[in-house]
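Participant: Contents of coords_18.pdb (PDB, C-alpha atoms) are below:
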ATOM      1  CA  MET K   1      17.652  60.993  34.299
ATOM      2  CA  THR K   2      14.579  59.666  36.130
ATOM      3  CA  GLU K   3      15.091  57.230  38.992
ATOM      4  CA  LEU K   4      12.230  54.838  39.731
ATOM      5  CA  ARG K   5      12.369  53.108  43.138
ATOM      6  CA  LEU K   6      10.118  50.063  43.422
ATOM      7  CA  VAL K   7       9.647  47.457  46.155
ATOM      8  CA  VAL K   8       8.937  43.797  45.392
ATOM      9  CA  PRO K   9       5.619  42.994  47.156
ATOM     10  CA  ALA K  10       5.572  40.831  50.287
ATOM     11  CA  GLY K  11       5.178  37.135  49.573
ATOM     12  CA  ARG K  12       6.366  37.507  45.990
ATOM     13  CA  ARG K  13       9.570  36.244  44.408
ATOM     14  CA  GLY K  14      10.492  36.162  40.748
ATOM     15  CA  ARG K  15      12.559  37.438  37.834
ATOM     16  CA  ALA K  16      13.952  40.943  38.017
ATOM     17  CA  ASP K  17      12.798  41.902  34.517
ATOM     18  CA  ARG K  18       9.236  40.775  35.203
ATOM     19  CA  PHE K  19       8.892  42.650  38.494
ATOM     20  CA  ALA K  20      10.556  45.769  37.072
ATOM     21  CA  ALA K  21       8.131  45.790  34.128
ATOM     22  CA  ASP K  22       5.030  45.067  36.212
ATOM     23  CA  LEU K  23       5.830  47.639  38.913
ATOM     24  CA  SER K  24       7.018  50.420  36.592
ATOM     25  CA  GLY K  25       4.540  50.021  33.751
ATOM     26  CA  LEU K  26       7.391  49.974  31.216
ATOM     27  CA  SER K  27       7.387  47.258  28.590
ATOM     28  CA  ARG K  28       9.425  44.163  29.344
ATOM     29  CA  SER K  29      11.581  44.722  26.254
ATOM     30  CA  ARG K  30      12.371  48.265  27.457
ATOM     31  CA  ILE K  31      13.303  46.943  30.906
ATOM     32  CA  GLN K  32      15.541  44.277  29.394
ATOM     33  CA  ARG K  33      17.407  46.954  27.404
ATOM     34  CA  LEU K  34      17.872  49.009  30.571
ATOM     35  CA  ILE K  35      19.146  45.905  32.394
ATOM     36  CA  THR K  36      21.645  45.265  29.582
ATOM     37  CA  GLU K  37      22.842  48.879  29.992
ATOM     38  CA  GLY K  38      23.325  48.310  33.744
ATOM     39  CA  ARG K  39      20.525  50.702  34.696
ATOM     40  CA  VAL K  40      18.561  48.313  36.952
ATOM     41  CA  THR K  41      19.687  47.261  40.442
ATOM     42  CA  ALA K  42      18.172  45.202  43.257
ATOM     43  CA  ASP K  43      19.256  46.279  46.750
ATOM     44  CA  GLY K  44      22.125  48.164  45.153
ATOM     45  CA  GLN K  45      23.436  45.297  42.991
ATOM     46  CA  PRO K  46      23.155  45.201  39.181
ATOM     47  CA  VAL K  47      20.812  42.479  37.973
ATOM     48  CA  LYS K  48      20.401  40.295  34.923
ATOM     49  CA  ALA K  49      16.996  39.778  33.349
ATOM     50  CA  ASN K  50      16.613  36.360  34.980
ATOM     51  CA  THR K  51      17.970  37.337  38.424
ATOM     52  CA  MET K  52      15.532  36.125  41.078
ATOM     53  CA  VAL K  53      14.577  38.910  43.478
ATOM     54  CA  PRO K  54      13.052  38.254  46.936
ATOM     55  CA  PRO K  55      10.103  39.921  48.654
ATOM     56  CA  GLY K  56      10.943  43.410  49.921
ATOM     57  CA  ALA K  57      13.854  43.910  47.511
ATOM     58  CA  MET K  58      14.346  47.506  46.378
ATOM     59  CA  LEU K  59      14.483  47.752  42.591
ATOM     60  CA  VAL K  60      16.000  50.968  41.245
ATOM     61  CA  ILE K  61      15.580  51.796  37.557
ATOM     62  CA  ASP K  62      17.503  54.681  36.005
ATOM     63  CA  VAL K  63      15.555  55.823  32.964
ATOM     64  CA  PRO K  64      17.753  58.020  30.761
ATOM     65  CA  PRO K  65      16.367  61.220  29.245
ATOM     66  CA  VAL K  66      14.957  60.793  25.766
ATOM     67  CA  GLU K  67      16.505  62.475  22.761
ATOM     68  CA  PRO K  68      14.340  64.959  20.853
ATOM     69  CA  ALA K  69      12.226  63.115  18.320
ATOM     70  CA  GLY K  70      12.071  65.850  15.684
ATOM     71  CA  ILE K  71       8.287  65.920  15.866
ATOM     72  CA  GLU K  72       6.963  69.327  14.864
ATOM     73  CA  PRO K  73       4.469  71.131  17.133
ATOM     74  CA  GLU K  74       1.171  71.869  15.396
ATOM     75  CA  VAL K  75      -1.648  74.096  16.598
ATOM     76  CA  ILE K  76      -4.557  71.663  16.639
ATOM     77  CA  PRO K  77      -7.541  72.377  18.927
ATOM     78  CA  LEU K  78      -7.696  70.090  21.962
ATOM     79  CA  ASP K  79     -10.579  69.675  24.385
ATOM     80  CA  VAL K  80      -8.812  69.437  27.766
ATOM     81  CA  VAL K  81     -11.350  68.190  30.317
ATOM     82  CA  TYR K  82      -8.996  67.884  33.300
ATOM     83  CA  GLU K  83      -5.522  69.162  34.184
ATOM     84  CA  ASP K  84      -3.325  69.323  37.279
ATOM     85  CA  ASP K  85       0.440  69.533  37.852
ATOM     86  CA  GLU K  86       1.026  65.908  36.808
ATOM     87  CA  VAL K  87      -1.726  64.922  34.377
ATOM     88  CA  LEU K  88      -4.008  66.241  31.698
ATOM     89  CA  VAL K  89      -6.949  64.409  30.148
ATOM     90  CA  VAL K  90      -8.262  65.252  26.698
ATOM     91  CA  ASP K  91     -11.522  64.378  24.964
ATOM     92  CA  LYS K  92     -10.062  63.111  21.684
ATOM     93  CA  PRO K  93     -12.199  63.616  18.578
ATOM     94  CA  THR K  94     -12.754  60.866  16.059
ATOM     95  CA  GLY K  95     -10.246  60.889  13.191
ATOM     96  CA  LEU K  96      -7.309  62.090  15.302
ATOM     97  CA  VAL K  97      -4.329  59.695  15.450
ATOM     98  CA  VAL K  98      -2.715  59.620  18.917
ATOM     99  CA  HIS K  99       1.008  59.536  18.065
ATOM    100  CA  PRO K 100       3.220  59.664  14.968
ATOM    101  CA  SER K 101       3.754  56.433  13.061
ATOM    102  CA  PRO K 102       4.518  55.462   9.455
ATOM    103  CA  GLY K 103       1.975  57.276   7.340
ATOM    104  CA  HIS K 104       0.988  59.650  10.157
ATOM    105  CA  TRP K 105       3.978  61.859  10.976
ATOM    106  CA  SER K 106       1.887  65.005  11.377
ATOM    107  CA  GLY K 107      -1.587  66.021  12.477
ATOM    108  CA  THR K 108      -1.523  63.757  15.532
ATOM    109  CA  LEU K 109      -2.443  64.338  19.154
ATOM    110  CA  VAL K 110       1.271  64.397  20.012
ATOM    111  CA  ASN K 111       1.871  67.198  17.502
ATOM    112  CA  ALA K 112      -0.935  69.131  19.191
ATOM    113  CA  LEU K 113       0.431  68.467  22.684
ATOM    114  CA  LEU K 114       3.877  69.764  21.714
ATOM    115  CA  ALA K 115       2.321  73.091  20.717
ATOM    116  CA  ARG K 116       1.248  73.658  24.339
ATOM    117  CA  ASP K 117       3.664  75.210  26.858
ATOM    118  CA  THR K 118       3.807  71.963  28.823
ATOM    119  CA  ALA K 119       6.427  69.360  29.712
ATOM    120  CA  TYR K 120       5.597  65.667  29.268
ATOM    121  CA  GLY K 121       6.872  62.334  30.518
ATOM    122  CA  GLY K 122       9.406  60.687  28.242
ATOM    123  CA  ILE K 123       9.697  57.110  29.466
ATOM    124  CA  ALA K 124       7.369  55.709  26.775
ATOM    125  CA  GLY K 125       9.768  56.775  24.004
ATOM    126  CA  VAL K 126      10.629  59.771  21.885
ATOM    127  CA  GLU K 127       7.578  59.519  19.640
ATOM    128  CA  ARG K 128       5.114  59.214  22.541
ATOM    129  CA  PRO K 129       5.787  62.106  24.948
ATOM    130  CA  GLY K 130       3.332  61.862  27.817
ATOM    131  CA  ILE K 131       1.298  59.114  26.185
ATOM    132  CA  VAL K 132      -0.002  56.544  28.673
ATOM    133  CA  HIS K 133      -2.509  54.625  26.542
ATOM    134  CA  ARG K 134      -4.056  54.835  23.081
ATOM    135  CA  LEU K 135      -7.420  55.232  21.439
ATOM    136  CA  ASP K 136      -7.934  54.086  17.863
ATOM    137  CA  ARG K 137      -8.103  56.893  15.307
ATOM    138  CA  ASP K 138     -11.854  56.426  14.805
ATOM    139  CA  THR K 139     -12.659  56.169  18.525
ATOM    140  CA  SER K 140     -13.424  59.363  20.425
ATOM    141  CA  GLY K 141     -13.257  60.122  24.134
ATOM    142  CA  LEU K 142     -11.088  60.396  27.211
ATOM    143  CA  LEU K 143      -7.330  59.870  27.013
ATOM    144  CA  ILE K 144      -4.726  60.461  29.748
ATOM    145  CA  VAL K 145      -1.455  62.354  29.146
ATOM    146  CA  ALA K 146       1.339  62.437  31.761
ATOM    147  CA  LYS K 147       3.269  65.646  32.396
ATOM    148  CA  SER K 148       6.304  64.010  34.052
ATOM    149  CA  ASP K 149       8.239  60.750  34.031
ATOM    150  CA  VAL K 150       7.002  59.907  37.536
ATOM    151  CA  ALA K 151       3.375  60.468  36.559
ATOM    152  CA  GLN K 152       3.806  58.461  33.365
ATOM    153  CA  ALA K 153       5.348  55.538  35.261
ATOM    154  CA  SER K 154       2.573  55.653  37.860
ATOM    155  CA  LEU K 155      -0.210  55.659  35.293
ATOM    156  CA  MET K 156       1.376  52.971  33.132
ATOM    157  CA  ALA K 157       1.754  50.791  36.222
ATOM    158  CA  GLN K 158      -1.901  51.384  37.125
ATOM    159  CA  LEU K 159      -2.927  50.318  33.631
ATOM    160  CA  LYS K 160      -0.790  47.192  33.757
ATOM    161  CA  ALA K 161      -2.284  46.290  37.156
ATOM    162  CA  ARG K 162      -5.799  46.954  35.767
ATOM    163  CA  ARG K 163      -6.478  49.683  38.312
ATOM    164  CA  VAL K 164      -7.608  52.213  35.688
ATOM    165  CA  LYS K 165     -11.329  51.840  34.981
ATOM    166  CA  LYS K 166     -12.223  52.656  31.370
ATOM    167  CA  THR K 167     -15.870  52.561  30.311
ATOM    168  CA  TYR K 168     -17.051  53.071  26.742
ATOM    169  CA  LEU K 169     -20.416  53.683  25.113
ATOM    170  CA  THR K 170     -21.086  51.765  21.921
ATOM    171  CA  LEU K 171     -24.045  50.972  19.690
ATOM    172  CA  VAL K 172     -24.124  47.425  18.340
ATOM    173  CA  LEU K 173     -26.222  45.584  15.802
ATOM    174  CA  GLY K 174     -29.095  43.449  17.045
ATOM    175  CA  SER K 175     -30.610  42.760  20.431
ATOM    176  CA  VAL K 176     -28.023  41.783  23.052
ATOM    177  CA  GLN K 177     -29.897  39.166  25.049
ATOM    178  CA  ALA K 178     -28.180  39.382  28.439
ATOM    179  CA  ALA K 179     -28.570  42.674  30.324
ATOM    180  CA  VAL K 180     -25.094  42.165  31.832
ATOM    181  CA  GLY K 181     -22.313  40.061  30.349
ATOM    182  CA  ARG K 182     -18.598  39.378  30.198
ATOM    183  CA  VAL K 183     -16.453  38.206  27.295
ATOM    184  CA  GLU K 184     -13.216  36.329  28.034
ATOM    185  CA  ALA K 185     -11.595  35.367  24.756
ATOM    186  CA  PRO K 186      -7.930  35.632  23.620
ATOM    187  CA  ILE K 187      -7.139  38.163  20.911
ATOM    188  CA  GLY K 188      -4.328  38.076  18.359
ATOM    189  CA  ARG K 189      -3.655  38.756  14.688
ATOM    190  CA  ASP K 190      -6.237  37.291  12.353
ATOM    191  CA  PRO K 191      -4.406  34.452  10.546
ATOM    192  CA  LYS K 192      -6.490  35.148   7.423
ATOM    193  CA  ASN K 193      -5.859  38.891   7.398
ATOM    194  CA  ARG K 194      -2.846  40.292   9.287
ATOM    195  CA  MET K 195      -4.338  43.796   9.155
ATOM    196  CA  ARG K 196      -7.129  42.699  11.499
ATOM    197  CA  MET K 197      -7.351  41.255  14.985
ATOM    198  CA  ALA K 198      -9.446  38.203  15.880
ATOM    199  CA  VAL K 199     -10.334  35.791  18.661
ATOM    200  CA  VAL K 200      -7.645  33.117  18.270
ATOM    201  CA  PRO K 201      -6.607  30.228  20.561
ATOM    202  CA  ASP K 202      -3.027  31.476  20.975
ATOM    203  CA  GLY K 203      -3.945  35.147  21.444
ATOM    204  CA  ARG K 204      -3.366  37.320  24.502
ATOM    205  CA  PRO K 205      -5.887  36.965  27.363
ATOM    206  CA  SER K 206      -8.600  39.591  26.898
ATOM    207  CA  VAL K 207     -11.600  40.500  29.054
ATOM    208  CA  THR K 208     -14.501  42.817  28.219
ATOM    209  CA  GLY K 209     -17.564  43.462  30.403
ATOM    210  CA  TYR K 210     -20.780  45.037  29.186
ATOM    211  CA  ARG K 211     -24.185  46.266  30.390
ATOM    212  CA  VAL K 212     -27.220  47.115  28.276
ATOM    213  CA  ARG K 213     -28.028  50.811  28.563
ATOM    214  CA  GLU K 214     -30.808  51.197  25.985
ATOM    215  CA  ARG K 215     -32.608  48.942  23.506
ATOM    216  CA  PHE K 216     -33.950  49.702  20.035
ATOM    217  CA  PRO K 217     -35.701  47.402  17.517
ATOM    218  CA  SER K 218     -32.487  46.566  15.635
ATOM    219  CA  TRP K 219     -29.734  48.015  17.832
ATOM    220  CA  THR K 220     -28.489  47.979  21.434
ATOM    221  CA  LEU K 221     -26.610  50.730  23.260
ATOM    222  CA  LEU K 222     -24.029  49.263  25.655
ATOM    223  CA  GLU K 223     -21.747  50.444  28.421
ATOM    224  CA  VAL K 224     -18.525  48.479  27.997
ATOM    225  CA  ASP K 225     -15.763  48.026  30.574
ATOM    226  CA  LEU K 226     -12.333  47.465  29.056
ATOM    227  CA  VAL K 227     -10.700  45.206  31.644
ATOM    228  CA  THR K 228      -7.682  44.465  29.432
ATOM    229  CA  GLY K 229      -6.509  46.758  26.646
ATOM    230  CA  ARG K 230      -5.799  44.805  23.460
ATOM    231  CA  THR K 231      -5.842  46.350  19.992
ATOM    232  CA  HIS K 232      -9.455  46.668  18.751
ATOM    233  CA  GLN K 233     -10.582  44.613  21.757
ATOM    234  CA  ILE K 234     -14.146  45.931  22.078
ATOM    235  CA  ARG K 235     -14.758  45.717  18.343
ATOM    236  CA  VAL K 236     -13.371  42.168  18.098
ATOM    237  CA  HIS K 237     -15.181  40.806  21.159
ATOM    238  CA  LEU K 238     -18.567  42.273  20.233
ATOM    239  CA  ALA K 239     -18.243  41.122  16.619
ATOM    240  CA  ALA K 240     -17.417  37.635  17.922
ATOM    241  CA  LEU K 241     -20.673  37.742  19.927
ATOM    242  CA  GLY K 242     -22.552  38.477  16.712
ATOM    243  CA  HIS K 243     -23.131  42.124  17.640
ATOM    244  CA  PRO K 244     -20.585  44.213  15.687
ATOM    245  CA  VAL K 245     -20.186  47.905  16.494
ATOM    246  CA  ALA K 246     -22.248  50.244  14.340
ATOM    247  CA  GLY K 247     -20.252  51.987  11.630
ATOM    248  CA  ASP K 248     -17.275  49.638  11.889
ATOM    249  CA  PRO K 249     -15.639  49.302   8.443
ATOM    250  CA  VAL K 250     -13.253  46.565   9.598
ATOM    251  CA  TYR K 251     -15.295  44.128  11.699
ATOM    252  CA  GLY K 252     -18.810  44.960  10.531
ATOM    253  CA  THR K 253     -20.583  43.945   7.323
ATOM    254  CA  GLY K 254     -23.808  45.046   5.659
ATOM    255  CA  THR K 255     -26.151  46.817   8.084
ATOM    256  CA  ALA K 256     -23.578  46.916  10.900
ATOM    257  CA  ARG K 257     -21.000  48.516   8.657
ATOM    258  CA  ARG K 258     -23.450  51.182   7.494
ATOM    259  CA  GLY K 259     -24.920  51.776  10.947
ATOM    260  CA  PRO K 260     -28.301  53.409  11.571
ATOM    261  CA  GLU K 261     -29.452  56.213   9.314
ATOM    262  CA  GLY K 262     -27.313  59.325   9.635
ATOM    263  CA  LEU K 263     -24.300  57.661  11.294
ATOM    264  CA  GLU K 264     -21.062  58.485   9.485
ATOM    265  CA  ARG K 265     -18.445  57.229  11.948
ATOM    266  CA  LEU K 266     -17.621  54.364  14.294
ATOM    267  CA  PHE K 267     -20.031  54.395  17.247
ATOM    268  CA  LEU K 268     -17.441  53.901  19.983
ATOM    269  CA  HIS K 269     -16.706  56.540  22.616
ATOM    270  CA  ALA K 270     -14.437  56.407  25.700
ATOM    271  CA  TRP K 271     -17.038  57.839  28.061
ATOM    272  CA  ARG K 272     -15.832  57.379  31.631
ATOM    273  CA  LEU K 273     -12.358  57.192  33.196
ATOM    274  CA  VAL K 274     -11.317  56.526  36.800
ATOM    275  CA  PHE K 275      -7.672  56.516  37.931
ATOM    276  CA  ALA K 276      -5.561  57.377  40.961
ATOM    277  CA  SER K 277      -3.867  60.781  40.845
ATOM    278  CA  PRO K 278      -0.077  60.262  40.645
ATOM    279  CA  ALA K 279       0.315  63.343  42.868
ATOM    280  CA  THR K 280      -2.162  62.606  45.694
ATOM    281  CA  GLY K 281      -3.356  59.021  45.245
ATOM    282  CA  GLU K 282      -6.958  60.237  45.265
ATOM    283  CA  LEU K 283      -9.341  58.883  42.635
ATOM    284  CA  VAL K 284     -10.044  61.085  39.631
ATOM    285  CA  ARG K 285     -13.433  60.389  37.995
ATOM    286  CA  LEU K 286     -14.183  61.930  34.613
ATOM    287  CA  GLU K 287     -16.875  61.647  31.959
ATOM    288  CA  ALA K 288     -17.082  62.929  28.371
ATOM    289  CA  PRO K 289     -20.588  63.197  26.901
ATOM    290  CA  LEU K 290     -21.338  61.541  23.596
ATOM    291  CA  PRO K 291     -20.280  63.665  20.607
ATOM    292  CA  ALA K 292     -23.154  65.403  18.852
ATOM    293  CA  ALA K 293     -22.963  63.067  15.831
ATOM    294  CA  LEU K 294     -23.446  59.974  18.010
ATOM    295  CA  GLU K 295     -26.188  61.556  20.101
ATOM    296  CA  ALA K 296     -27.977  62.531  16.874
ATOM    297  CA  ALA K 297     -27.886  58.912  15.680
ATOM    298  CA  LEU K 298     -29.504  57.799  18.943
ATOM    299  CA  GLU K 299     -32.153  60.500  18.724
ATOM    300  CA  GLY K 300     -32.959  59.249  15.228
ATOM    301  CA  LEU K 301     -33.448  55.722  16.587
ATOM    302  CA  ARG K 302     -35.601  57.008  19.437
ATOM    303  CA  ALA K 303     -37.764  59.004  17.070
ATOM    304  CA  GLY K 304     -38.238  56.033  14.761
ATOM    305  CA  ALA K 305     -38.909  53.420  17.433
ATOM    306  CA  PRO K 306     -42.539  52.505  18.174
ATOM    307  CA  GLY K 307     -43.174  53.663  21.744
ATOM    308  CA  ALA K 308     -40.510  54.725  24.213
ATOM    309  CA  PRO K 309     -37.209  52.803  24.123
ATOM    310  CA  LEU K 310     -36.374  50.658  27.134
ATOM    311  CA  ARG K 311     -33.726  52.325  29.285
ATOM    312  CA  LEU K 312     -32.151  50.059  31.867
ATOM    313  CA  PRO K 313     -30.478  51.094  35.142
ATOM    314  CA  THR K 314     -26.731  51.552  34.844
ATOM    315  CA  VAL K 315     -23.928  50.648  37.234
ATOM    316  CA  GLY K 316     -22.131  53.666  38.645
ATOM    317  CA  ALA K 317     -18.377  54.244  38.605
ATOM    318  CA  GLY K 318     -16.383  52.397  41.216
ATOM    319  CA  GLU K 319     -18.870  49.522  41.673
ATOM    320  CA  GLY K 320     -16.447  46.905  40.380
ATOM    321  CA  GLU K 321     -15.832  45.074  37.144
ATOM    322  CA  PRO K 322     -18.658  42.934  35.704
TER     323      PRO K 322
END
For the file at hand, write its structure as structure tokens.
Facilitator:
Amino acid sequence: MTELRLVVPAGRRGRADRFAADLSGLSRSRIQRLITEGRVTADGQPVKANTMVPPGAMLVIDVPPVEPAGIEPEVIPLDVVYEDDEVLVVDKPTGLVVHPSPGHWSGTLVNALLARDTAYGGIAGVERPGIVHRLDRDTSGLLIVAKSDVAQASLMAQLKARRVKKTYLTLVLGSVQAAVGRVEAPIGRDPKNRMRMAVVPDGRPSVTGYRVRERFPSWTLLEVDLVTGRTHQIRVHLAALGHPVAGDPVYGTGTARRGPEGLERLFLHAWRLVFASPATGELVRLEAPLPAALEAALEGLRAGAPGAPLRLPTVGAGEGEP
């Protein structure tokens, strides 16, 4: 049993389920189930989902231990770029699914994690031990894994409060006119194709910032800040701008879908990550260089471009969202 003790911020008053979800990082549906089971109290008294809690109230959430999921450990090589007593961060390769799901019950990152002699947080569910956030199968780069319930709750809460800074590198079709930009457009299921996401009026609020890093005659290399974390957010927002991600088989067509010569994967890489250590509160700053296949595609563009490509100054980590 893990006990989470959370204080309602000063000057705030609202529903118990909303505060418990926002402060813990757990989903609201998970919190509502725990409330129904009598596992959530405010100042020592059991609450209902709609109980109004005042500023300074102490919320206590008892998160029961998860049952074994029956997921088999598998020895799959992992590139661990950072590890301490509470957290590890891996550089996920393209093609690796993060956690088991219908059609992907083996060969996932979770299967690989279970083969290590390591404990993981269990509050995200039995099929997601230690998982704090996801990367799409075809996206490579940095991904955080929690080694305890407390660390997992801390990191999930940081993500929900948008205190984790995630910066990606991506190559997109065409010349992005503005050197710095921001996309604020709601994302939801595409009403014409439920297998895709799209910018839709009734979608969830979604914010993406970007900066031009390098220009080529027909392509632009961007640094992208993922302010919110919706499914396929970067790919949907950039496609909506008319600059789909290179090598994207879902949101790209024609030249964008093929990508520049030699590219055989989606050009999207989770490059930089900044978060607060659950153990010390100090900021952890990490970077994962572009995989060789993506760097080779850029070198091909550089070699084929007339004259030297234009490289623009970049904004360093910690300088704020665009």
Participant: Taking the file as shown, what set of residues would the PyMOL selection byres ((chain K and resi 96-105) around 10) give back, as a ChimeraX atom specification?
Facilitator: /K:71-72,92-95,106-112,127-129,131,133-140,143
Participant: Using the chain letters and numbering of this document, enumerate as a VMD selection string the residues selected by the PyMOL selection byres ((chain K and resi 49) around 8).
Facilitator: chain K and resid 15 to 17 32 35 47 to 48 50 to 51
Participant: Can you list what the PyMOL selection byres ((chain K and resi 185) around 7) grabs from this structure, as a list in words?
Facilitator: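 For this structure, the PyMOL selection byres ((chain K and resi 185) around 7) resolves to Val183, Glu184, Pro186, Ile187, Val199, Pro205, Ser206 and Val207 of chain K.
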Participant: Distance atom CA of K:Arg28-atom CA of K:Ser148, one decimal place?
Facilitator: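 We find that atom CA of K:Arg28 and atom CA of K:Ser148 lie 20.6 Å from each other.
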Participant: Contacts of stretch 190-195 of chain K at 12 Å or less, counting only C-alpha atoms, minus same-chain residues fewer than 2 places along, as a ChimeraX atom specification?
Facilitator: /K:186-188,197-203,231-232,236,250-251
Participant: For atom CA of K:Asp62 and atom CA of K:Arg18, quote the distance in Å rounded to one decimal.
Facilitator: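 Here the two named atoms are 16.2 Å from each other.
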Participant: Go through K:Ala288, K:Leu173, K:Val126, K:Val8 and flag the residue nearest K:Ala57, using all atoms listed in the file for the distances.
Facilitator: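 Of K:Ala288, K:Leu173, K:Val126, K:Val8, the one nearest K:Ala57 is K:Val8, counting all atoms listed in the file.
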Participant: As an exercise, work out the distance from atom CA of K:Val245 to atom CA of K:Val172 in Å and give it to one decimal place.
Facilitator: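 Atom-to-atom, atom CA of K:Val245 and atom CA of K:Val172 are spaced 4.4 Å apart.
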Participant: Using all atoms listed in the file, I'd like a table of the residues in stretch 62-113 of chain K that come within 10 Å of stretch 268-286 of chain K; for each, show the closest atom pair and its distance in Å rounded to one decimal, ordered by chain and ascending number, as CSV.
Facilitator:
residue,atom,partner,partner_atom,distance
K:Val81,CA,K:Leu286,CA,8.1
K:Tyr82,CA,K:Leu286,CA,8.0
K:Asp84,CA,K:Ala279,CA,9.0
K:Asp85,CA,K:Ala279,CA,8.0
K:Glu86,CA,K:Ala279,CA,6.6
K:Val87,CA,K:Ser277,CA,8.0
K:Val89,CA,K:Leu286,CA,8.9
K:Asp91,CA,K:Ala270,CA,8.5
K:Lys92,CA,K:Ala270,CA,9.0
K:Pro93,CA,K:His269,CA,9.3
K:Thr94,CA,K:His269,CA,8.8
Participant: For the point (-0.6, 66.0, 26.4) in the file's frame, write as a list in words all residues with an atom no more than 6 Å away, counting only C-alpha atoms.
Facilitator: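 Residues found, by chain and rising number: Leu113, Gly130 and Val145 of chain K.
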Participant: Please determine, counting all atoms listed in the file, which residue among K:Phe267, K:Tyr210, K:Ala240, K:Tyr120 has the shortest atom-to-atom distance to K:Ala292.
Facilitator: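 Of the candidates, the smallest distance to K:Ala292 is held by K:Phe267.
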Participant: What lies within 9 Å of K:Ala293 using only C-alpha atoms, ignoring chain neighbours under 6 positions off, as a PyMOL selection string?
Facilitator: chain K and resi 262-265
Participant: Looking at only C-alpha atoms, which of K:Leu169, K:Met58, K:Ile123, K:Ala42 is the one that sits closest to K:Arg30?
Facilitator: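 Selected residue with least distance to K:Arg30: K:Ile123.
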